[in-house]
$ cat coords-v4.csv   # CSV, C-alpha atoms (C1' of nucleotides)
chain,number,residue,atom,x,y,z
A,1,MET,CA,0.5,-30.8,-14.3
A,2,ASP,CA,3.3,-29.5,-12.2
A,3,HIS,CA,1.3,-29.6,-9.1
A,4,ASP,CA,3.7,-27.6,-7.1
A,5,PHE,CA,3.8,-24.6,-9.3
A,6,ASP,CA,3.2,-21.9,-6.8
A,7,LEU,CA,2.0,-18.3,-7.3
A,8,SER,CA,5.2,-17.1,-5.7
A,9,ASP,CA,7.2,-19.1,-8.3
A,10,PHE,CA,5.6,-17.1,-11.0
A,11,LEU,CA,7.9,-14.4,-12.2
A,12,PRO,CA,5.3,-12.0,-13.5
A,13,TYR,CA,3.7,-12.1,-10.1
A,14,LEU,CA,6.9,-11.5,-8.3
A,15,LEU,CA,7.7,-8.6,-10.6
A,16,ASN,CA,4.4,-7.1,-10.0
A,17,GLN,CA,4.5,-7.4,-6.3
A,18,ALA,CA,7.9,-5.9,-6.1
A,19,ALA,CA,7.1,-3.1,-8.6
A,20,GLU,CA,4.0,-2.3,-6.8
A,21,ARG,CA,5.7,-2.2,-3.4
A,22,VAL,CA,8.3,0.3,-4.4
A,23,SER,CA,6.0,2.4,-6.6
A,24,VAL,CA,3.6,2.9,-3.8
A,25,ASP,CA,6.5,4.0,-1.5
A,26,PHE,CA,8.1,6.4,-3.9
A,27,GLN,CA,4.8,7.8,-4.9
A,28,ARG,CA,4.9,9.7,-1.7
A,29,GLU,CA,7.6,12.0,-3.1
A,30,TYR,CA,6.1,13.2,-6.3
A,31,LYS,CA,2.5,12.9,-5.3
A,32,GLY,CA,2.8,14.2,-1.8
A,33,ARG,CA,5.1,17.0,-2.6
A,34,TYR,CA,3.9,18.1,-6.0
A,35,GLY,CA,0.6,16.4,-6.5
A,36,MET,CA,1.9,14.6,-9.5
A,37,LEU,CA,0.8,11.4,-11.1
A,38,ARG,CA,3.3,8.7,-12.0
A,39,THR,CA,3.2,9.6,-15.6
A,40,GLU,CA,3.8,13.2,-14.8
A,41,TRP,CA,6.8,12.3,-12.8
A,42,ARG,CA,8.2,10.2,-15.6
A,43,VAL,CA,7.7,12.9,-18.2
A,44,LEU,CA,9.3,15.4,-15.9
A,45,PHE,CA,12.2,13.1,-15.3
A,46,HIS,CA,12.7,12.6,-19.0
A,47,LEU,CA,12.7,16.3,-19.8
A,48,GLY,CA,14.9,17.1,-16.9
A,49,ARG,CA,17.5,14.4,-17.5
A,50,TYR,CA,17.6,14.1,-21.2
A,51,GLY,CA,16.7,17.6,-22.3
A,52,ASP,CA,13.9,19.1,-24.4
A,53,MET,CA,12.0,16.8,-26.6
A,54,THR,CA,8.6,16.2,-28.1
A,55,ALA,CA,5.8,14.1,-26.7
A,56,THR,CA,6.5,11.4,-29.2
A,57,ASP,CA,10.2,11.3,-28.2
A,58,ILE,CA,9.2,10.7,-24.6
A,59,GLY,CA,6.8,8.0,-25.7
A,60,ARG,CA,9.5,6.2,-27.5
A,61,ARG,CA,12.0,6.4,-24.7
A,62,ALA,CA,9.6,5.6,-21.9
A,63,SER,CA,7.2,3.2,-23.6
A,64,LEU,CA,4.3,5.4,-22.7
A,65,HIS,CA,1.2,5.7,-24.7
A,66,LYS,CA,0.6,9.0,-26.4
A,67,THR,CA,-2.7,9.7,-24.6
A,68,LYS,CA,-1.0,9.4,-21.3
A,69,ILE,CA,1.7,11.7,-22.3
A,70,SER,CA,-0.7,14.2,-23.7
A,71,ARG,CA,-2.6,14.3,-20.4
A,72,ALA,CA,0.6,14.4,-18.3
A,73,VAL,CA,1.9,17.3,-20.3
A,74,THR,CA,-1.3,19.1,-19.9
A,75,ALA,CA,-1.1,18.6,-16.2
A,76,LEU,CA,2.5,19.6,-16.0
A,77,GLY,CA,1.7,22.7,-18.1
A,78,ALA,CA,-1.1,23.6,-15.6
A,79,LYS,CA,1.5,23.3,-12.8
A,80,ARG,CA,3.8,25.6,-14.8
A,81,PHE,CA,6.4,22.9,-14.9
A,82,VAL,CA,6.7,22.6,-18.7
A,83,ASP,CA,6.5,25.0,-21.5
A,84,ARG,CA,5.4,24.0,-24.9
A,85,THR,CA,6.5,25.7,-28.1
A,86,GLN,CA,5.4,24.6,-31.5
A,87,ASP,CA,8.1,23.5,-33.9
A,88,PRO,CA,8.1,26.0,-36.8
A,89,ASP,CA,9.5,23.4,-39.2
A,90,ASP,CA,6.7,20.9,-38.4
A,91,ARG,CA,3.8,22.5,-36.8
A,92,ARG,CA,2.3,19.2,-35.7
A,93,GLN,CA,4.8,18.8,-33.0
A,94,GLU,CA,5.7,20.8,-29.9
A,95,VAL,CA,9.0,20.9,-28.2
A,96,LEU,CA,8.6,20.5,-24.5
A,97,ARG,CA,10.9,22.2,-22.1
A,98,LEU,CA,11.0,22.5,-18.3
A,99,THR,CA,10.4,25.9,-16.8
A,100,ARG,CA,12.5,27.2,-14.0
A,101,SER,CA,10.2,25.7,-11.3
A,102,GLY,CA,10.0,22.5,-13.4
A,103,ARG,CA,13.7,22.2,-13.2
A,104,ALA,CA,13.6,22.8,-9.5
A,105,ALA,CA,11.1,20.1,-9.0
A,106,PHE,CA,13.1,17.8,-11.2
A,107,ARG,CA,16.3,18.3,-9.2
A,108,ASP,CA,14.4,17.8,-6.0
A,109,LEU,CA,12.7,14.6,-7.1
A,110,ALA,CA,15.8,13.2,-8.9
A,111,ALA,CA,17.7,13.6,-5.7
A,112,ALA,CA,14.9,11.9,-3.8
A,113,ALA,CA,14.8,9.1,-6.4
A,114,HIS,CA,18.5,8.6,-6.1
A,115,GLY,CA,18.4,8.4,-2.4
A,116,PHE,CA,15.5,6.0,-2.6
A,117,ASP,CA,17.4,3.8,-5.0
A,118,VAL,CA,20.5,3.8,-2.9
A,119,GLN,CA,18.5,2.8,0.2
A,120,LEU,CA,16.6,0.1,-1.7
A,121,THR,CA,19.8,-1.3,-3.2
A,122,ALA,CA,21.5,-1.3,0.2
A,123,GLN,CA,19.8,-4.4,1.2
A,124,PHE,CA,21.6,-6.4,-1.4
A,125,SER,CA,25.2,-7.3,-2.0
A,126,ALA,CA,26.9,-5.6,-4.9
A,127,THR,CA,26.6,-8.8,-7.0
A,128,GLU,CA,23.0,-9.3,-6.2
A,129,ALA,CA,22.2,-5.7,-7.1
A,130,LYS,CA,24.1,-5.9,-10.4
A,131,ILE,CA,22.4,-9.1,-11.4
A,132,LEU,CA,19.0,-7.8,-10.4
A,133,ARG,CA,19.3,-4.8,-12.5
A,134,ALA,CA,20.7,-6.7,-15.5
A,135,CYS,CA,17.9,-9.2,-15.3
A,136,LEU,CA,15.2,-6.5,-15.1
A,137,ILE,CA,16.7,-4.6,-18.1
A,138,ARG,CA,16.8,-7.8,-20.1
A,139,ILE,CA,13.2,-8.6,-19.3
A,140,ALA,CA,12.0,-5.1,-20.1
A,141,ALA,CA,13.8,-5.2,-23.4
A,142,SER,CA,12.7,-8.7,-24.4
A,143,HIS,CA,11.1,-8.9,-27.8
A,144,PRO,CA,9.5,-5.4,-27.6
A,145,ASP,CA,6.7,-6.4,-29.9
A,146,GLN,CA,6.2,-2.7,-30.3
A,147,VAL,CA,5.6,0.4,-28.3
A,148,ARG,CA,2.3,-0.1,-26.7
A,149,GLY,CA,0.3,1.7,-24.1
A,150,VAL,CA,2.0,0.7,-20.9
A,151,SER,CA,0.1,1.0,-17.7
A,152,ASP,CA,1.9,3.9,-16.3
A,153,GLY,CA,4.3,2.4,-13.8
B,9,MET,CA,23.7,16.3,-7.4
B,10,ASP,CA,24.7,13.0,-9.0
B,11,HIS,CA,24.4,14.3,-12.4
B,12,ASP,CA,24.6,10.9,-14.0
B,13,PHE,CA,21.7,9.3,-12.2
B,14,ASP,CA,19.8,7.9,-15.1
B,15,LEU,CA,16.2,6.8,-15.3
B,16,SER,CA,17.5,3.3,-16.1
B,17,ASP,CA,19.4,3.2,-12.9
B,18,PHE,CA,16.2,3.8,-10.9
B,19,LEU,CA,15.1,0.4,-9.6
B,20,PRO,CA,11.4,1.3,-9.3
B,21,TYR,CA,11.5,2.2,-13.0
B,22,LEU,CA,13.2,-1.0,-14.0
B,23,LEU,CA,10.8,-3.0,-11.9
B,24,ASN,CA,7.9,-1.3,-13.5
B,25,GLN,CA,9.1,-1.7,-17.0
B,26,ALA,CA,9.9,-5.4,-16.5
B,27,ALA,CA,6.6,-6.1,-14.7
B,28,GLU,CA,4.6,-4.2,-17.3
B,29,ARG,CA,6.4,-6.1,-20.1
B,30,VAL,CA,5.6,-9.6,-18.8
B,31,SER,CA,2.2,-8.7,-17.5
B,32,VAL,CA,1.1,-7.4,-20.9
B,33,ASP,CA,2.4,-10.6,-22.5
B,34,PHE,CA,0.8,-13.0,-20.1
B,35,GLN,CA,-2.5,-11.1,-20.2
B,36,ARG,CA,-3.1,-12.6,-23.6
B,37,GLU,CA,-3.8,-15.9,-21.8
B,38,TYR,CA,-6.4,-15.1,-19.2
B,39,LYS,CA,-7.9,-12.1,-21.1
B,40,GLY,CA,-7.8,-13.5,-24.5
B,41,ARG,CA,-9.0,-17.0,-23.6
B,42,TYR,CA,-11.4,-16.2,-20.7
B,43,GLY,CA,-12.0,-12.5,-20.8
B,44,MET,CA,-10.6,-12.2,-17.3
B,45,LEU,CA,-9.0,-9.2,-15.7
B,46,ARG,CA,-5.7,-9.5,-13.8
B,47,THR,CA,-7.4,-9.6,-10.4
B,48,GLU,CA,-9.8,-12.3,-11.6
B,49,TRP,CA,-6.9,-14.4,-12.7
B,50,ARG,CA,-5.2,-13.9,-9.4
B,51,VAL,CA,-8.3,-14.9,-7.4
B,52,LEU,CA,-8.8,-17.9,-9.6
B,53,PHE,CA,-5.3,-18.9,-9.1
B,54,HIS,CA,-5.5,-18.6,-5.4
B,55,LEU,CA,-8.6,-20.7,-5.2
B,56,GLY,CA,-7.3,-23.3,-7.6
B,57,ARG,CA,-3.9,-23.6,-6.0
B,58,TYR,CA,-4.6,-23.2,-2.4
B,59,GLY,CA,-8.2,-24.4,-2.0
B,60,ASP,CA,-11.4,-22.9,-0.9
B,61,MET,CA,-11.2,-19.7,1.2
B,62,THR,CA,-13.0,-16.5,1.9
B,63,ALA,CA,-12.4,-13.2,0.2
B,64,THR,CA,-10.5,-11.9,3.2
B,65,ASP,CA,-8.2,-14.9,3.1
B,66,ILE,CA,-7.4,-14.1,-0.5
B,67,GLY,CA,-6.8,-10.5,0.3
B,68,ARG,CA,-4.3,-11.4,2.9
B,69,ARG,CA,-2.4,-13.8,0.8
B,70,ALA,CA,-2.4,-11.8,-2.4
B,71,SER,CA,-2.2,-8.3,-0.9
B,72,LEU,CA,-5.3,-7.3,-2.8
B,73,HIS,CA,-7.7,-4.8,-1.6
B,74,LYS,CA,-11.1,-6.1,-0.6
B,75,THR,CA,-13.0,-4.0,-3.1
B,76,LYS,CA,-11.0,-5.5,-5.9
B,77,ILE,CA,-11.6,-9.0,-4.7
B,78,SER,CA,-15.3,-8.3,-4.3
B,79,ARG,CA,-15.5,-7.2,-7.9
B,80,ALA,CA,-13.4,-10.0,-9.1
B,81,VAL,CA,-15.5,-12.6,-7.3
B,82,THR,CA,-18.6,-11.1,-8.7
B,83,ALA,CA,-17.1,-11.3,-12.2
B,84,LEU,CA,-15.9,-14.8,-11.7
B,85,GLY,CA,-19.3,-15.7,-10.4
B,86,ALA,CA,-21.0,-14.3,-13.5
B,87,LYS,CA,-18.6,-16.5,-15.6
B,88,ARG,CA,-19.7,-19.5,-13.5
B,89,PHE,CA,-16.1,-20.1,-12.3
B,90,VAL,CA,-16.7,-19.6,-8.6
B,91,ASP,CA,-19.4,-20.6,-6.3
B,92,ARG,CA,-20.1,-18.8,-3.1
B,93,THR,CA,-21.7,-20.3,0.0
B,94,GLN,CA,-22.3,-18.4,3.1
B,95,ASP,CA,-20.6,-19.8,6.2
B,96,PRO,CA,-23.3,-20.9,8.6
B,97,ASP,CA,-21.1,-20.3,11.6
B,98,ASP,CA,-20.4,-16.7,10.6
B,99,ARG,CA,-22.9,-15.4,8.2
B,100,ARG,CA,-20.8,-12.4,7.3
B,101,GLN,CA,-18.4,-14.5,5.3
B,102,GLU,CA,-18.7,-16.6,2.3
B,103,VAL,CA,-16.5,-19.5,1.3
B,104,LEU,CA,-15.4,-19.3,-2.3
B,105,ARG,CA,-15.0,-22.5,-4.3
B,106,LEU,CA,-14.2,-23.1,-7.9
B,107,THR,CA,-16.8,-24.8,-10.0
B,108,ARG,CA,-15.9,-27.5,-12.4
B,109,SER,CA,-15.3,-25.1,-15.2
B,110,GLY,CA,-13.5,-22.8,-12.9
B,111,ARG,CA,-11.1,-25.7,-12.1
B,112,ALA,CA,-10.7,-26.4,-15.8
B,113,ALA,CA,-9.8,-22.8,-16.4
B,114,PHE,CA,-7.4,-22.8,-13.5
B,115,ARG,CA,-5.6,-25.9,-14.8
B,116,ASP,CA,-5.4,-24.4,-18.3
B,117,LEU,CA,-4.0,-21.1,-17.1
B,118,ALA,CA,-1.7,-22.6,-14.5
B,119,ALA,CA,-0.1,-24.7,-17.2
B,120,ALA,CA,0.2,-21.6,-19.4
B,121,ALA,CA,1.7,-19.7,-16.5
B,122,HIS,CA,4.2,-22.3,-15.8
B,123,GLY,CA,5.2,-22.6,-19.4
B,124,PHE,CA,5.5,-18.8,-19.6
B,125,ASP,CA,7.6,-18.7,-16.5
B,126,VAL,CA,9.9,-21.5,-17.8
B,127,GLN,CA,10.4,-19.7,-21.0
B,128,LEU,CA,11.0,-16.4,-19.3
B,129,THR,CA,13.5,-17.9,-16.9
B,130,ALA,CA,15.3,-19.7,-19.7
B,131,GLN,CA,17.1,-16.5,-20.7
B,132,PHE,CA,19.0,-16.5,-17.4
B,133,SER,CA,21.5,-18.7,-15.9
B,134,ALA,CA,20.4,-20.8,-12.9
B,135,THR,CA,22.3,-18.4,-10.5
B,136,GLU,CA,20.8,-15.3,-12.1
B,137,ALA,CA,17.3,-16.7,-11.9
B,138,LYS,CA,17.8,-17.6,-8.3
B,139,ILE,CA,19.1,-14.2,-7.3
B,140,LEU,CA,16.4,-12.4,-9.3
B,141,ARG,CA,13.6,-14.3,-7.6
B,142,ALA,CA,15.2,-13.9,-4.2
B,143,CYS,CA,15.6,-10.1,-4.7
B,144,LEU,CA,12.1,-9.6,-5.9
B,145,ILE,CA,10.7,-11.5,-2.9
B,146,ARG,CA,12.8,-9.5,-0.6
B,147,ILE,CA,11.7,-6.2,-2.2
B,148,ALA,CA,8.0,-7.3,-2.1
B,149,ALA,CA,8.3,-8.2,1.5
B,150,SER,CA,10.2,-5.1,2.6
B,151,HIS,CA,8.6,-3.3,5.5
B,152,PRO,CA,5.1,-4.1,4.4
B,153,ASP,CA,3.7,-1.0,6.1
B,154,GLN,CA,0.5,-2.8,6.0
B,155,VAL,CA,-1.8,-4.5,3.5
B,156,ARG,CA,-3.0,-1.8,1.2
B,157,GLY,CA,-4.9,-1.7,-2.0
B,158,VAL,CA,-2.3,-2.8,-4.5
B,159,SER,CA,-2.8,-1.8,-8.0
B,160,ASP,CA,-3.7,-5.2,-9.3
B,161,GLY,CA,-0.6,-6.5,-10.9
C,26,DG,C1',-1.8,20.4,-58.0
C,27,DG,C1',-5.0,16.9,-55.9
C,28,DG,C1',-5.9,12.7,-53.6
C,29,DT,C1',-4.4,9.4,-50.1
C,30,DA,C1',-1.7,7.9,-46.3
C,31,DT,C1',0.9,8.9,-42.3
C,32,DT,C1',2.2,11.3,-38.2
C,33,DG,C1',1.7,14.3,-33.9
C,34,DG,C1',-1.3,15.1,-30.7
C,35,DT,C1',-6.1,15.8,-28.4
C,36,DT,C1',-10.6,14.4,-26.9
C,37,DG,C1',-14.8,11.6,-25.4
C,38,DA,C1',-16.7,7.6,-23.7
C,39,DA,C1',-16.2,3.2,-21.5
C,40,DA,C1',-13.7,0.4,-18.3
C,41,DA,C1',-11.0,-0.1,-14.1
C,42,DT,C1',-9.2,1.6,-9.8
C,43,DG,C1',-9.0,3.9,-5.2
C,44,DT,C1',-11.3,5.8,-1.3
C,45,DA,C1',-14.6,6.2,1.8
C,46,DA,C1',-19.0,5.4,3.4
C,47,DC,C1',-22.1,1.9,4.2
C,48,DT,C1',-24.9,-2.6,5.7
C,49,DA,C1',-25.0,-6.7,8.1
C,50,DA,C1',-23.2,-9.9,11.4
C,51,DC,C1',-20.7,-10.9,15.3
C,52,DA,C1',-18.3,-9.8,19.9
C,53,DA,C1',-17.5,-7.6,24.3
C,54,DG,C1',-18.8,-5.0,28.3
C,55,DC,C1',-21.8,-4.0,31.4
D,21,DG,C1',-30.9,-7.0,27.2
D,22,DC,C1',-28.4,-2.8,25.1
D,23,DT,C1',-24.6,-0.1,23.7
D,24,DT,C1',-20.2,0.1,21.4
D,25,DG,C1',-16.7,-1.7,18.6
D,26,DT,C1',-14.9,-4.8,15.0
D,27,DT,C1',-15.0,-7.6,10.9
D,28,DA,C1',-16.8,-9.3,6.1
D,29,DG,C1',-18.1,-7.6,2.2
D,30,DT,C1',-20.7,-4.3,-1.0
D,31,DT,C1',-21.6,0.0,-3.1
D,32,DA,C1',-21.2,4.9,-4.6
D,33,DC,C1',-18.4,8.4,-6.4
D,34,DA,C1',-14.2,10.5,-7.9
D,35,DT,C1',-10.0,9.8,-10.3
D,36,DT,C1',-7.3,7.2,-13.8
D,37,DT,C1',-6.6,4.5,-17.7
D,38,DT,C1',-7.8,2.6,-22.0
D,39,DC,C1',-9.6,2.6,-26.7
D,40,DA,C1',-11.1,4.5,-30.6
D,41,DA,C1',-12.3,8.3,-33.1
D,42,DC,C1',-10.8,12.6,-34.3
D,43,DC,C1',-8.3,17.1,-36.3
D,44,DA,C1',-4.5,19.2,-38.4
D,45,DA,C1',-0.1,19.1,-40.6
D,46,DT,C1',3.0,16.8,-43.5
D,47,DA,C1',4.5,13.3,-46.8
D,48,DC,C1',3.8,10.5,-50.8
D,49,DC,C1',2.5,9.7,-55.3
D,50,DC,C1',0.6,10.2,-59.7

$ encode --input "coords-v4.csv" --output "structure tokens"
Amino acid sequence: MDHDFDLSDFLPYLLNQAAERVSVDFQREYKGRYGMLRTEWRVLFHLGRYGDMTATDIGRRASLHKTKISRAVTALGAKRFVDRTQDPDDRRQEVLRLTRSGRAAFRDLAAAAHGFDVQLTAQFSATEAKILRACLIRIAASHPDQVRGVSDG
Amino acid sequence: MDHDFDLSDFLPYLLNQAAERVSVDFQREYKGRYGMLRTEWRVLFHLGRYGDMTATDIGRRASLHKTKISRAVTALGAKRFVDRTQDPDDRRQEVLRLTRSGRAAFRDLAAAAHGFDVQLTAQFSATEAKILRACLIRIAASHPDQVRGVSDG
DNA sequence: GGGTATTGGTTGAAAATGTAACTAACAAGC
DNA sequence: GCTTGTTAGTTACATTTTCAACCAATACCC
């Protein structure tokens, strides 16, 4: 019984605390300015950055559960940020596309995100920042059992 | 407009993906074996590792909102894992203490957590692991505007 | 062609969270 | 003592998330 195993030695705990910290901060941008939820912001970003795609595509890329995406797309549609057009070749799926104002919101938020990231990273040396990112990517990618409903981020 | 600012360059996103990844995995332990929620596991850990304390104490240490703690303590009480006794000197507060089975669950889960952490850390070099932890701690601690209701982790 | 399975996506109910309002106990000022 | 303010913790309600069931379209297969 490692009697000195501390909660602050527990990587999942540290990851959660750090993630929570920055998420709450950045939330101000998309929530405060556009009344978006985190999933909406993610979907918006995906469409803005990677182009038109279906809900399933987004789910695969972002590891988001389809119900979350469905609801986020509905909300973004209500805000007139995305436009949905049924694919004539496979009428089950819809191609999602940002509207003009959706693109504007994306540009605005992407710039804010970039600035936020720069500022966040500034507290670390170049090496630290590089290692941090590499480690996080590795953890996120580790044995991805399968795509599962991820709690939004 | 940094046109190549990618979602996977966005530290909050990486943090969330990584945190989510490991949280979902470790959940198996406390949820599968004891039907606990994340907050319950955290409260249990605090009491087991740091000794008896009040709900407010836990909130301060763990950055958990008091309503979450209240509900977690109720749940842990129902499972007979914690015992609550009113402080005679200040009858507003209750001192929380693990029961025998609460301590057993704590030992079990703490061991699992430690093992999980060791395995997770094994994929990194000693230097990487050290930097990763240091960075996370720094991010979590960064201008803690104040204790706020943190989304459970 | 007709059955069965799979896939894309939505919906409803249950569980969990966040927010604010609340009760009870203490503390301070007068 | 009485009023006012603060602290510990609970509860109620609205918002989100999760889970499973669902519909519709396509694919598979004989």

$ residues_around --input "coords-v4.csv" --residues "DT24 in chain D" --least-positions-apart "4" --cutoff "12 Å" --atoms "all atoms listed in the file" --output "list of chain:residue names"
C:DA52, C:DA53, C:DG54, C:DC55

$ interface_residues --input "coords-v4.csv" --of "chain D" --to "chain A" --cutoff "12 Å" --atoms "all atoms listed in the file" --output "list in words"
DT35, DT36, DT37, DT38, DC39, DA40, DC43, DA44, DA45, DT46 and DA47 of chain D

$ calpha_fit_rmsd --input "coords-v4.csv" --fixed "chain A" --moving "chain B"
0.2 Å

$ interface_residues --input "coords-v4.csv" --of "chain C" --to "chain B" --cutoff "12 Å" --atoms "only C-alpha atoms (C1' of nucleotides)" --output "PyMOL selection string"
chain C and resi 40-45+48-52

$ write_last_selection --input "coords-v4.csv" --atoms "C-alpha atoms (C1' of nucleotides)" --output "tab-separated table (two decimals), in the frame of the given file"
chain	number	residue	atom	x	y	z
C	40	DA	C1'	-13.70	0.40	-18.30
C	41	DA	C1'	-11.00	-0.10	-14.10
C	42	DT	C1'	-9.20	1.60	-9.80
C	43	DG	C1'	-9.00	3.90	-5.20
C	44	DT	C1'	-11.30	5.80	-1.30
C	45	DA	C1'	-14.60	6.20	1.80
C	48	DT	C1'	-24.90	-2.60	5.70
C	49	DA	C1'	-25.00	-6.70	8.10
C	50	DA	C1'	-23.20	-9.90	11.40
C	51	DC	C1'	-20.70	-10.90	15.30
C	52	DA	C1'	-18.30	-9.80	19.90

$ interface_residues --input "coords-v4.csv" --of "chain B" --to "chain A" --cutoff "7 Å" --atoms "all atoms listed in the file" --output "tab-separated table (two decimals) with C-alpha atoms, in the frame of the given file"
chain	number	residue	atom	x	y	z
B	9	MET	CA	23.70	16.30	-7.40
B	13	PHE	CA	21.70	9.30	-12.20
B	18	PHE	CA	16.20	3.80	-10.90
B	19	LEU	CA	15.10	0.40	-9.60
B	20	PRO	CA	11.40	1.30	-9.30
B	22	LEU	CA	13.20	-1.00	-14.00
B	23	LEU	CA	10.80	-3.00	-11.90
B	24	ASN	CA	7.90	-1.30	-13.50
B	25	GLN	CA	9.10	-1.70	-17.00
B	26	ALA	CA	9.90	-5.40	-16.50
B	27	ALA	CA	6.60	-6.10	-14.70
B	28	GLU	CA	4.60	-4.20	-17.30
B	29	ARG	CA	6.40	-6.10	-20.10
B	30	VAL	CA	5.60	-9.60	-18.80
B	31	SER	CA	2.20	-8.70	-17.50
B	119	ALA	CA	-0.10	-24.70	-17.20
B	122	HIS	CA	4.20	-22.30	-15.80
B	125	ASP	CA	7.60	-18.70	-16.50
B	136	GLU	CA	20.80	-15.30	-12.10
B	139	ILE	CA	19.10	-14.20	-7.30
B	140	LEU	CA	16.40	-12.40	-9.30
B	144	LEU	CA	12.10	-9.60	-5.90
B	145	ILE	CA	10.70	-11.50	-2.90
B	147	ILE	CA	11.70	-6.20	-2.20
B	148	ALA	CA	8.00	-7.30	-2.10
B	158	VAL	CA	-2.30	-2.80	-4.50
B	159	SER	CA	-2.80	-1.80	-8.00
B	161	GLY	CA	-0.60	-6.50	-10.90

$ atom_distance --input "coords-v4.csv" --atom1 "CA of Met36 in chain A" --atom2 "C1' of DA46 in chain C"
26.2 Å

$ closest_residue --input "coords-v4.csv" --among "B:Arg79, B:Arg111, B:Thr93, B:Leu106" --to "DT31 in chain D" --atoms "all atoms listed in the file"
B:Arg79

$ axis_aligned_box --input "coords-v4.csv" --around "range 29-34 of chain C" --padding-each-side "3 Å" --output "lines of an AutoDock Vina configuration file"
center_x = -1.1
center_y = 11.5
center_z = -40.4
size_x = 12.6
size_y = 13.2
size_z = 25.4

$ atom_distance --input "coords-v4.csv" --atom1 "CA of Leu117 in chain B" --atom2 "CA of Arg36 in chain B"
10.7 Å

$ residues_around --input "coords-v4.csv" --residues "DA41 in chain D" --least-positions-apart "3" --cutoff "12 Å" --atoms "all atoms listed in the file" --output "list in words"
DT35, DT36, DG37 and DA38 of chain C

$ closest_residue --input "coords-v4.csv" --among "A:Thr39, A:Ser125, A:Gln86, A:Ser101" --to "Met53 in chain A" --atoms "only C-alpha atoms"
A:Gln86

$ atom_distance --input "coords-v4.csv" --atom1 "C1' of DG27 in chain C" --atom2 "C1' of DC49 in chain D"
10.4 Å
